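One file, structure-v7.cif, is given below (mmCIF, C-alpha atoms).
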```
data_run
loop_
_atom_site.label_atom_id
_atom_site.label_comp_id
_atom_site.auth_asym_id
_atom_site.auth_seq_id
_atom_site.Cartn_x
_atom_site.Cartn_y
_atom_site.Cartn_z
CA MET A 14 60.11 53.74 132.46
CA THR A 15 62.14 51.59 130.07
CA ALA A 16 65.29 52.79 128.25
CA ALA A 17 63.46 52.70 124.91
CA THR A 18 60.72 54.97 126.26
CA GLY A 19 63.33 57.37 127.68
CA PHE A 20 65.16 57.65 124.35
CA LYS A 21 61.84 58.17 122.55
CA ARG A 22 60.90 61.04 124.86
CA LEU A 23 64.38 62.57 124.49
CA GLY A 24 64.06 62.38 120.71
CA ILE A 25 60.64 64.04 120.81
CA ALA A 26 62.00 66.80 123.06
CA LEU A 27 64.96 67.46 120.77
CA LEU A 28 62.71 67.51 117.72
CA THR A 29 60.41 69.97 119.47
CA VAL A 30 63.35 72.28 120.25
CA VAL A 31 64.59 72.14 116.64
CA LEU A 32 61.13 72.86 115.22
CA ALA A 33 60.61 75.70 117.69
CA SER A 34 63.98 77.20 116.70
CA PHE A 35 63.12 77.11 113.01
CA ALA A 36 59.69 78.60 113.74
CA LEU A 37 61.33 81.39 115.74
CA LEU A 38 63.83 81.95 112.94
CA GLY A 39 60.97 82.21 110.47
CA VAL A 40 59.32 84.87 112.62
CA VAL A 41 62.63 86.75 113.01
CA SER A 42 63.12 86.74 109.24
CA TRP A 43 59.89 88.72 108.92
CA LEU A 44 60.78 91.15 111.71
CA ILE A 45 64.36 92.07 110.72
CA PRO A 46 64.45 94.64 107.88
CA VAL A 47 66.56 93.52 104.93
CA ASP A 48 68.39 96.84 104.84
CA SER A 49 69.41 96.36 108.48
CA VAL A 50 70.94 92.97 107.60
CA LYS A 51 72.90 94.52 104.71
CA GLN A 52 74.23 97.37 106.84
CA ALA A 53 75.18 95.08 109.74
CA ALA A 54 77.02 92.67 107.41
CA ARG A 55 78.93 95.50 105.72
CA ALA A 56 79.89 96.98 109.10
CA GLU A 57 81.17 93.66 110.46
CA ILE A 58 83.26 92.92 107.35
CA ARG A 59 84.82 96.39 107.63
CA ASN A 60 85.38 96.00 111.37
CA VAL A 61 87.06 92.57 111.17
CA THR A 62 89.20 93.09 108.06
CA GLY A 63 89.73 96.85 108.18
CA LEU A 64 88.93 96.92 104.45
CA ASP A 65 86.24 99.08 102.93
CA LEU A 66 84.78 96.88 100.20
CA VAL A 67 82.63 98.56 97.57
CA LEU A 68 79.49 96.48 97.13
CA ARG A 69 78.19 97.76 93.81
CA GLY A 70 75.62 95.14 92.80
CA ASP A 71 72.36 93.86 94.19
CA ALA A 72 72.16 92.11 97.57
CA GLU A 73 70.19 88.94 98.26
CA VAL A 74 69.28 88.16 101.87
CA SER A 75 68.09 84.75 103.08
CA LEU A 76 67.25 84.26 106.76
CA PHE A 77 65.28 81.03 106.56
CA PRO A 78 66.02 78.14 106.87
CA THR A 79 69.67 79.30 107.12
CA GLY A 80 70.97 82.82 107.25
CA SER A 81 73.14 84.23 104.49
CA ILE A 82 73.61 87.39 102.47
CA LYS A 83 75.03 87.64 98.95
CA PHE A 84 76.48 90.80 97.45
CA ALA A 85 77.05 90.93 93.69
CA ASP A 86 79.85 92.86 91.96
CA VAL A 87 82.34 93.49 94.77
CA LYS A 88 85.36 95.74 94.41
CA LEU A 89 88.34 96.74 96.55
CA GLY A 90 90.51 99.73 95.69
CA GLU A 91 90.33 102.66 93.28
CA ASN A 92 87.90 102.74 90.38
CA ALA A 93 90.61 102.91 87.69
CA LYS A 94 92.78 100.07 89.00
CA PRO A 95 90.94 98.00 91.61
CA LEU A 96 93.03 95.59 93.67
CA LEU A 97 90.26 93.03 93.77
CA VAL A 98 87.07 92.49 91.79
CA ALA A 99 84.74 89.58 92.60
CA ASP A 100 81.51 88.41 91.02
CA GLU A 101 80.00 87.68 94.41
CA LEU A 102 80.61 87.91 98.15
CA THR A 103 78.61 85.56 100.36
CA ALA A 104 78.47 85.97 104.13
CA ARG A 105 77.02 83.07 106.12
CA LEU A 106 75.28 84.22 109.32
CA ARG A 107 75.53 82.56 112.73
CA PHE A 108 72.40 80.62 113.65
CA PHE A 109 71.87 81.29 117.37
CA PRO A 110 72.54 85.07 117.35
CA LEU A 111 70.07 85.28 114.46
CA LEU A 112 67.38 83.78 116.72
CA THR A 113 67.72 86.83 118.98
CA GLY A 114 67.72 89.26 116.07
CA ARG A 115 71.48 89.91 116.01
CA ILE A 116 73.52 89.71 112.79
CA GLU A 117 76.87 87.95 113.21
CA ILE A 118 78.90 86.57 110.31
CA ALA A 119 80.24 83.02 110.57
CA ASP A 120 82.44 83.12 107.45
CA VAL A 121 82.87 84.96 104.15
CA SER A 122 83.32 83.59 100.61
CA LEU A 123 84.59 85.45 97.56
CA VAL A 124 83.39 83.86 94.32
CA ARG A 125 85.47 84.29 91.14
CA PRO A 126 87.66 87.10 92.46
CA HIS A 127 90.37 88.64 90.27
CA ILE A 128 93.27 89.87 92.44
CA ASP A 129 95.87 92.23 90.96
CA VAL A 130 99.35 92.35 92.57
CA THR A 131 101.74 94.86 90.95
CA PHE A 132 105.27 95.85 91.97
CA GLY A 133 106.58 99.14 90.58
CA LYS A 134 110.08 100.06 89.44
CA GLN A 135 111.07 100.99 93.00
CA GLY A 136 109.72 97.73 94.40
CA ASP A 137 106.62 99.37 95.83
CA SER A 138 103.40 97.36 95.74
CA ASN A 139 99.92 98.50 94.83
CA TRP A 140 98.77 96.72 98.00
CA ALA A 141 100.98 98.85 100.31
CA PRO A 142 98.22 101.31 101.35
CA LEU A 143 95.82 98.44 102.07
CA ILE A 144 98.48 96.60 104.08
CA ASN A 145 98.89 99.70 106.24
CA THR A 146 95.13 99.75 106.73
CA LEU A 147 95.15 96.07 107.72
CA ALA A 148 97.99 96.67 110.17
CA GLY A 149 96.02 99.44 111.84
CA ALA A 150 92.84 97.34 111.96
CA ILE A 151 94.21 94.18 113.56
CA GLY A 152 97.23 95.48 115.45
CA PRO A 153 97.43 95.75 119.24
CA LYS A 154 96.52 99.46 119.08
CA ALA A 155 93.50 98.96 116.85
CA GLY A 156 91.13 99.72 119.70
CA ARG A 157 88.33 97.38 118.70
CA SER A 158 85.18 97.32 120.74
CA ALA A 159 84.41 94.37 122.97
CA ASN A 160 81.49 93.31 120.80
CA ALA A 161 83.51 93.42 117.59
CA GLY A 162 82.76 90.80 114.98
CA SER A 163 84.77 87.63 115.13
CA PHE A 164 84.39 85.65 111.90
CA ASN A 165 87.71 83.97 111.25
CA GLU A 166 87.53 82.39 107.81
CA ILE A 167 87.54 83.87 104.34
CA ARG A 168 87.29 81.50 101.38
CA ILE A 169 88.33 82.19 97.80
CA THR A 170 86.60 80.15 95.09
CA GLU A 171 87.47 80.03 91.38
CA GLY A 172 89.89 82.90 91.85
CA THR A 173 92.62 84.41 89.68
CA ILE A 174 95.79 86.18 90.86
CA ALA A 175 97.64 88.37 88.34
CA LEU A 176 101.25 89.15 89.35
CA HIS A 177 103.20 91.90 87.56
CA ASP A 178 106.74 93.00 88.46
CA VAL A 179 107.47 96.08 86.37
CA SER A 180 111.22 96.32 87.14
CA ARG A 181 111.91 92.70 86.19
CA GLY A 182 109.39 92.45 83.39
CA ILE A 183 107.62 89.52 85.02
CA LYS A 184 103.97 88.72 84.37
CA GLU A 185 102.44 85.59 85.86
CA THR A 186 98.88 84.39 86.33
CA PHE A 187 97.68 81.92 88.96
CA SER A 188 94.28 80.48 88.07
CA ASN A 189 91.74 78.15 89.70
CA VAL A 190 92.66 79.61 93.09
CA GLU A 191 90.83 77.79 95.89
CA LEU A 192 91.99 78.99 99.30
CA ALA A 193 90.71 79.05 102.87
CA LEU A 194 92.15 81.97 104.85
CA ALA A 195 92.15 81.59 108.63
CA TRP A 196 91.67 85.23 109.55
CA PRO A 197 93.30 86.23 112.88
CA SER A 198 90.28 87.82 114.51
CA ILE A 199 90.95 85.88 117.72
CA SER A 200 94.50 84.47 117.54
CA GLN A 201 97.64 86.18 116.23
CA SER A 202 98.37 83.75 113.42
CA PHE A 203 97.26 83.78 109.81
CA ALA A 204 97.04 80.72 107.56
CA ALA A 205 96.11 80.14 103.92
CA THR A 206 95.49 76.59 102.75
CA GLY A 207 94.32 75.28 99.40
CA HIS A 208 95.52 75.01 95.83
CA LEU A 209 96.05 77.01 92.65
CA THR A 210 97.15 76.37 89.08
CA TRP A 211 100.38 77.74 87.59
CA HIS A 212 101.72 76.85 84.14
CA GLY A 213 99.02 74.23 83.80
CA GLU A 214 99.85 72.34 87.02
CA GLN A 215 97.89 72.32 90.26
CA LEU A 216 99.93 73.27 93.31
CA ASP A 217 98.85 72.44 96.86
CA THR A 218 99.84 75.40 99.00
CA THR A 219 100.02 76.18 102.72
CA LEU A 220 101.19 79.50 104.15
CA THR A 221 101.37 80.35 107.85
CA LEU A 222 102.40 83.60 109.56
CA THR A 223 102.74 83.17 113.31
CA ASN A 224 102.19 86.89 114.01
CA PHE A 225 100.10 88.47 111.28
CA ALA A 226 99.98 91.94 112.82
CA ALA A 227 103.78 92.04 113.17
CA ALA A 228 104.24 90.84 109.58
CA LEU A 229 101.92 93.56 108.25
CA ALA A 230 103.83 96.19 110.23
CA GLY A 231 107.11 94.93 108.74
CA ASP A 232 108.34 93.42 112.01
CA ARG A 233 109.75 89.94 112.50
CA SER A 234 107.26 87.06 112.22
CA GLY A 235 107.50 83.30 111.89
CA LEU A 236 106.88 82.04 108.35
CA LYS A 237 106.03 78.55 107.07
CA LEU A 238 105.47 77.86 103.38
CA ARG A 239 104.82 74.54 101.66
CA VAL A 240 104.18 74.05 97.94
CA SER A 241 103.83 70.68 96.23
CA GLY A 242 103.00 69.57 92.70
CA THR A 243 102.90 66.24 90.90
CA SER A 244 106.69 65.93 90.55
CA PHE A 245 108.18 68.32 93.10
CA LYS A 246 107.75 69.79 96.55
CA CYS A 247 109.26 72.71 98.40
CA ALA A 248 109.11 73.81 102.03
CA PHE A 249 110.46 76.78 103.96
CA GLU A 250 110.36 77.42 107.69
CA GLY A 251 111.89 80.46 109.31
CA THR A 252 111.24 84.17 109.85
CA TRP A 253 110.69 87.25 107.74
CA SER A 254 110.54 91.02 108.14
CA THR A 255 110.39 93.99 105.78
CA ARG A 256 111.61 96.79 108.03
CA PRO A 257 113.92 98.50 107.27
CA THR A 258 114.47 96.15 104.27
CA LEU A 259 113.27 92.69 103.28
CA LYS A 260 114.97 89.95 105.31
CA ILE A 261 114.08 86.25 105.25
CA GLU A 262 115.98 83.57 107.17
CA GLY A 263 115.25 79.89 107.69
CA THR A 264 115.53 76.34 106.41
CA LEU A 265 114.73 75.52 102.79
CA ALA A 266 114.01 71.99 101.56
CA ALA A 267 113.13 71.02 97.99
CA ASP A 268 113.14 67.91 95.85
CA THR A 269 111.97 66.85 92.41
CA SER A 270 112.07 63.68 90.34
CA SER A 271 113.47 65.67 87.39
CA LEU A 272 115.17 69.02 87.81
CA ARG A 273 115.21 69.47 84.03
CA ASP A 274 111.43 69.04 83.73
CA THR A 275 110.84 71.34 86.70
CA LEU A 276 113.01 74.09 85.21
CA PHE A 277 111.23 73.86 81.86
CA TRP A 278 107.85 73.97 83.64
CA ALA A 279 108.93 77.09 85.55
CA GLY A 280 110.03 78.77 82.31
CA VAL A 281 113.78 78.44 82.92
CA LYS A 282 116.00 76.87 80.24
CA PRO A 283 118.70 74.51 81.66
CA LEU A 284 122.31 75.46 80.92
CA THR A 285 123.12 72.14 79.25
CA ASP A 286 121.31 69.63 77.07
CA GLY A 287 121.94 66.64 79.34
CA GLY A 288 121.68 65.71 82.98
CA PHE A 289 119.57 67.42 85.62
CA GLY A 290 117.65 64.37 86.83
CA ARG A 291 116.52 63.75 90.39
CA PHE A 292 117.33 66.69 92.66
CA ALA A 293 117.12 67.29 96.41
CA LEU A 294 118.21 70.27 98.47
CA LYS A 295 118.26 71.12 102.17
CA ALA A 296 119.99 74.31 103.29
CA LYS A 297 119.96 77.36 105.47
CA ALA A 298 118.61 80.17 103.32
CA SER A 299 118.63 83.93 103.72
CA VAL A 300 117.31 86.75 101.57
CA SER A 301 118.43 90.30 102.25
CA SER A 302 118.26 93.38 100.01
CA GLY A 303 117.54 91.24 96.96
CA ASN A 304 120.49 88.87 97.56
CA ILE A 305 119.91 85.14 98.10
CA ALA A 306 122.43 83.07 100.06
CA LEU A 307 122.50 79.36 100.92
CA SER A 308 124.68 77.85 103.66
CA SER A 309 125.11 74.41 105.24
CA ALA A 310 123.64 73.06 102.01
CA ASN A 311 123.10 69.36 101.36
CA VAL A 312 122.53 68.80 97.63
CA GLU A 313 121.77 65.59 95.77
CA LEU A 314 121.70 65.65 91.95
CA ASP A 315 121.43 62.73 89.57
CA GLY A 316 123.05 63.99 86.36
CA ASN A 317 122.45 60.83 84.35
CA THR A 318 118.70 61.16 83.86
#
```
What's the structure tokens form of this structure?
Amino acid sequence: MTAATGFKRLGIALLTVVLASFALLGVVSWLIPVDSVKQAARAEIRNVTGLDLVLRGDAEVSLFPTGSIKFADVKLGENAKPLLVADELTARLRFFPLLTGRIEIADVSLVRPHIDVTFGKQGDSNWAPLINTLAGAIGPKAGRSANAGSFNEIRITEGTIALHDVSRGIKETFSNVELALAWPSISQSFAATGHLTWHGEQLDTTLTLTNFAAALAGDRSGLKLRVSGTSFKCAFEGTWSTRPTLKIEGTLAADTSSLRDTLFWAGVKPLTDGGFGRFALKAKASVSSGNIALSSANVELDGNT
């Protein structure tokens, strides 16, 4: 048998396997009740995230040629002031478990979500109860079953984040939020990568927590944050904790081609009419009880621009 004949037979065999798989998937799609798919998807989302999403709209299930389920009108939180409202939640289903009739989610996407983050006069957040729920769901004492779901990515598309600090009178809106969240269903770490728009400028953003469960519980966790725009970039690497009070320590690095333009963009008026050109900073930074301190700072400022 020649090599060409061998490759031809291998190709035919692979094609046969693929066609047989799709045929089996087509049969499975007729055998699995749609309501069972909806219930299984809801249960796995609740099991992995610990969050009880309210799926108010219609659901659309597609099992052939690829498996997915779409829920319309998704809400998280109380009826009066929901923490999150999304036009659509799409869960993509794993291919091979679906062949055996099992529903396993590969990843989840939230389409056009509006996320509300509010801090009260005492510094308390409207997300505090949900954070406690998350800590209980993914912590070491969560007691998950061995066959618990394991999807580890949540994507946010065309999102909006509304930030309101009542005590400081701050209201900010981040639009065009496109983020991929690496959910720690297997490892301890959590990462968010993508971009968002603030004050008309797109910012590329990366956030990493080395121990997500510890961070949610208020204990010490490694923290890495990088934000970059067209004319500036900022990076922090260190640790943070919130128990008994907020404490952040690490190395801060930032630079911009024009400090004046960056301050104006951020909504801060410079103290003088001149100067504030190129700026670079590298320092040890710490935040504790609302106080910010910099040490071992290396600052470069061009005041002639």
Result set, the PyMOL selection byres ((chain A and resi 118) around 12) on current file, as a PyMOL selection string: chain A and resi 50-51+53-61+80-82+103-111+115-117+119-122+161-167
Please expand the PyMOL selection byres ((chain A and resi 263-269) around 10) into the concrete residues it hits in this file, giving the result as a PyMOL selection string. chain A and resi 235-253+261-262+270-275+290-300+307-314
Using C-alpha atoms, can you export the residues from the last selection as a compact mmCIF listing (two decimals), keeping the file's coordinate frame?
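In the end it all went to selection_2.txt:
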```
# COMPACT_ATOMS: atom_id res chain seq x y z
CA GLY A 235 107.50 83.30 111.89
CA LEU A 236 106.88 82.04 108.35
CA LYS A 237 106.03 78.55 107.07
CA LEU A 238 105.47 77.86 103.38
CA ARG A 239 104.82 74.54 101.66
CA VAL A 240 104.18 74.05 97.94
CA SER A 241 103.83 70.68 96.23
CA GLY A 242 103.00 69.57 92.70
CA THR A 243 102.90 66.24 90.90
CA SER A 244 106.69 65.93 90.55
CA PHE A 245 108.18 68.32 93.10
CA LYS A 246 107.75 69.79 96.55
CA CYS A 247 109.26 72.71 98.40
CA ALA A 248 109.11 73.81 102.03
CA PHE A 249 110.46 76.78 103.96
CA GLU A 250 110.36 77.42 107.69
CA GLY A 251 111.89 80.46 109.31
CA THR A 252 111.24 84.17 109.85
CA TRP A 253 110.69 87.25 107.74
CA ILE A 261 114.08 86.25 105.25
CA GLU A 262 115.98 83.57 107.17
CA SER A 270 112.07 63.68 90.34
CA SER A 271 113.47 65.67 87.39
CA LEU A 272 115.17 69.02 87.81
CA ARG A 273 115.21 69.47 84.03
CA ASP A 274 111.43 69.04 83.73
CA THR A 275 110.84 71.34 86.70
CA GLY A 290 117.65 64.37 86.83
CA ARG A 291 116.52 63.75 90.39
CA PHE A 292 117.33 66.69 92.66
CA ALA A 293 117.12 67.29 96.41
CA LEU A 294 118.21 70.27 98.47
CA LYS A 295 118.26 71.12 102.17
CA ALA A 296 119.99 74.31 103.29
CA LYS A 297 119.96 77.36 105.47
CA ALA A 298 118.61 80.17 103.32
CA SER A 299 118.63 83.93 103.72
CA VAL A 300 117.31 86.75 101.57
CA LEU A 307 122.50 79.36 100.92
CA SER A 308 124.68 77.85 103.66
CA SER A 309 125.11 74.41 105.24
CA ALA A 310 123.64 73.06 102.01
CA ASN A 311 123.10 69.36 101.36
CA VAL A 312 122.53 68.80 97.63
CA GLU A 313 121.77 65.59 95.77
CA LEU A 314 121.70 65.65 91.95
```
Using the chain letters and numbers from this file, what does the PyMOL selection byres ((chain A and resi 72) around 9) select? Give the answer as an MDAnalysis selection string. chainID A and resid 51 68 70:71 73:74 82:85
Can I get the selection written as a PDB file, keeping the file's coordinate frame, with C-alpha atoms?
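Saved result, result17.pdb, follows:
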```pdb
ATOM      1  CA  LYS A  51      72.900  94.520 104.710  1.00  0.00           C
ATOM      2  CA  LEU A  68      79.490  96.480  97.130  1.00  0.00           C
ATOM      3  CA  GLY A  70      75.620  95.140  92.800  1.00  0.00           C
ATOM      4  CA  ASP A  71      72.360  93.860  94.190  1.00  0.00           C
ATOM      5  CA  GLU A  73      70.190  88.940  98.260  1.00  0.00           C
ATOM      6  CA  VAL A  74      69.280  88.160 101.870  1.00  0.00           C
ATOM      7  CA  ILE A  82      73.610  87.390 102.470  1.00  0.00           C
ATOM      8  CA  LYS A  83      75.030  87.640  98.950  1.00  0.00           C
ATOM      9  CA  PHE A  84      76.480  90.800  97.450  1.00  0.00           C
ATOM     10  CA  ALA A  85      77.050  90.930  93.690  1.00  0.00           C
TER      11      ALA A  85
END
```
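One distance worth recording is that between CA of Leu97 (chain A) and CA of Gly231 (chain A), which is 22.6 Å.
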Would you work out the distance separating CA of Lys260 (chain A) from CA of Phe203 (chain A), expressed in Å to one decimal? 19.3 Å
Closest of A:Thr173, A:Ala193, A:Leu64, A:Arg168 to Leu123 (chain A), counting all atoms listed in the file, is A:Arg168
For the atom pair CA of Pro142 (chain A) and CA of Asp129 (chain A), what is the interatomic distance in Å to one decimal place?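 Separation between CA of Pro142 (chain A) and CA of Asp129 (chain A): 14.0 Å.
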With distances taken over only C-alpha atoms, which of A:Pro257, A:Gly182, A:Gly280, A:Gly213 is nearest to Asp232 (chain A)?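 Using only C-alpha atoms, Asp232 (chain A) sits closest to A:Pro257.
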Could you write out as lines of an AutoDock Vina configuration file the box around region 296-312 of chain A (axis-aligned, all atoms listed in the file, 4 Å on each side), with centre and edge lengths in Å to one decimal?
```
center_x = 121.2
center_y = 81.1
center_z = 101.2
size_x = 15.8
size_y = 32.6
size_z = 16.5
```
Missing atoms in region 172-183 of chain A need filling: write out all heavy atoms for it as a tab-separated table (two decimals), in the coordinates of the input.
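Contents of the output file result03.tsv:
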```
chain	number	residue	atom	x	y	z
A	172	GLY	N	89.21	81.62	91.92
A	172	GLY	CA	89.89	82.90	91.85
A	172	GLY	C	91.03	82.94	90.84
A	172	GLY	O	91.49	81.92	90.33
A	173	THR	N	91.48	84.17	90.56
A	173	THR	CA	92.62	84.41	89.68
A	173	THR	C	93.51	85.47	90.33
A	173	THR	O	93.01	86.49	90.81
A	173	THR	CB	92.17	84.91	88.31
A	173	THR	OG1	91.32	83.94	87.70
A	173	THR	CG2	93.37	85.15	87.39
A	174	ILE	N	94.83	85.22	90.34
A	174	ILE	CA	95.79	86.18	90.86
A	174	ILE	C	96.73	86.57	89.73
A	174	ILE	O	97.40	85.72	89.15
A	174	ILE	CB	96.60	85.60	92.04
A	174	ILE	CG1	95.68	85.19	93.18
A	174	ILE	CG2	97.63	86.62	92.52
A	174	ILE	CD1	96.40	84.51	94.34
A	175	ALA	N	96.76	87.86	89.39
A	175	ALA	CA	97.64	88.37	88.34
A	175	ALA	C	98.81	89.09	89.00
A	175	ALA	O	98.62	90.06	89.74
A	175	ALA	CB	96.88	89.32	87.42
A	176	LEU	N	100.04	88.60	88.76
A	176	LEU	CA	101.25	89.15	89.35
A	176	LEU	C	102.07	89.86	88.28
A	176	LEU	O	102.36	89.28	87.23
A	176	LEU	CB	102.08	88.03	89.99
A	176	LEU	CG	103.43	88.43	90.59
A	176	LEU	CD1	103.25	89.39	91.75
A	176	LEU	CD2	104.20	87.19	91.05
A	177	HIS	N	102.43	91.12	88.54
A	177	HIS	CA	103.20	91.90	87.56
A	177	HIS	C	104.32	92.63	88.29
A	177	HIS	O	104.06	93.44	89.19
A	177	HIS	CB	102.28	92.91	86.86
A	177	HIS	CG	102.97	93.69	85.79
A	177	HIS	ND1	102.48	94.89	85.29
A	177	HIS	CD2	104.13	93.45	85.10
A	177	HIS	CE1	103.30	95.33	84.36
A	177	HIS	NE2	104.31	94.48	84.22
A	178	ASP	N	105.56	92.31	87.92
A	178	ASP	CA	106.74	93.00	88.46
A	178	ASP	C	107.30	93.87	87.34
A	178	ASP	O	107.92	93.36	86.39
A	178	ASP	CB	107.78	91.98	88.93
A	178	ASP	CG	108.91	92.64	89.71
A	178	ASP	OD1	109.25	93.79	89.40
A	178	ASP	OD2	109.47	91.99	90.62
A	179	VAL	N	107.09	95.17	87.44
A	179	VAL	CA	107.47	96.08	86.37
A	179	VAL	C	108.98	96.12	86.18
A	179	VAL	O	109.48	96.08	85.04
A	179	VAL	CB	106.93	97.50	86.67
A	179	VAL	CG1	107.39	98.49	85.60
A	179	VAL	CG2	105.42	97.48	86.75
A	180	SER	N	109.76	96.18	87.25
A	180	SER	CA	111.22	96.32	87.14
A	180	SER	C	111.87	95.09	86.52
A	180	SER	O	112.88	95.22	85.82
A	180	SER	CB	111.82	96.59	88.53
A	180	SER	OG	111.57	95.49	89.40
A	181	ARG	N	111.32	93.92	86.74
A	181	ARG	CA	111.91	92.70	86.19
A	181	ARG	C	111.18	92.19	84.95
A	181	ARG	O	111.57	91.19	84.36
A	181	ARG	CB	111.91	91.59	87.26
A	181	ARG	CG	112.80	91.90	88.46
A	181	ARG	CD	112.72	90.81	89.49
A	181	ARG	NE	113.64	91.00	90.59
A	181	ARG	CZ	113.40	91.78	91.64
A	181	ARG	NH1	112.24	92.44	91.72
A	181	ARG	NH2	114.29	91.91	92.60
A	182	GLY	N	110.13	92.86	84.56
A	182	GLY	CA	109.39	92.45	83.39
A	182	GLY	C	108.70	91.11	83.54
A	182	GLY	O	108.55	90.37	82.57
A	183	ILE	N	108.25	90.82	84.73
A	183	ILE	CA	107.62	89.52	85.02
A	183	ILE	C	106.11	89.68	85.05
A	183	ILE	O	105.58	90.58	85.70
A	183	ILE	CB	108.12	88.96	86.36
A	183	ILE	CG1	109.62	88.70	86.30
A	183	ILE	CG2	107.37	87.67	86.72
A	183	ILE	CD1	110.21	88.27	87.63
```
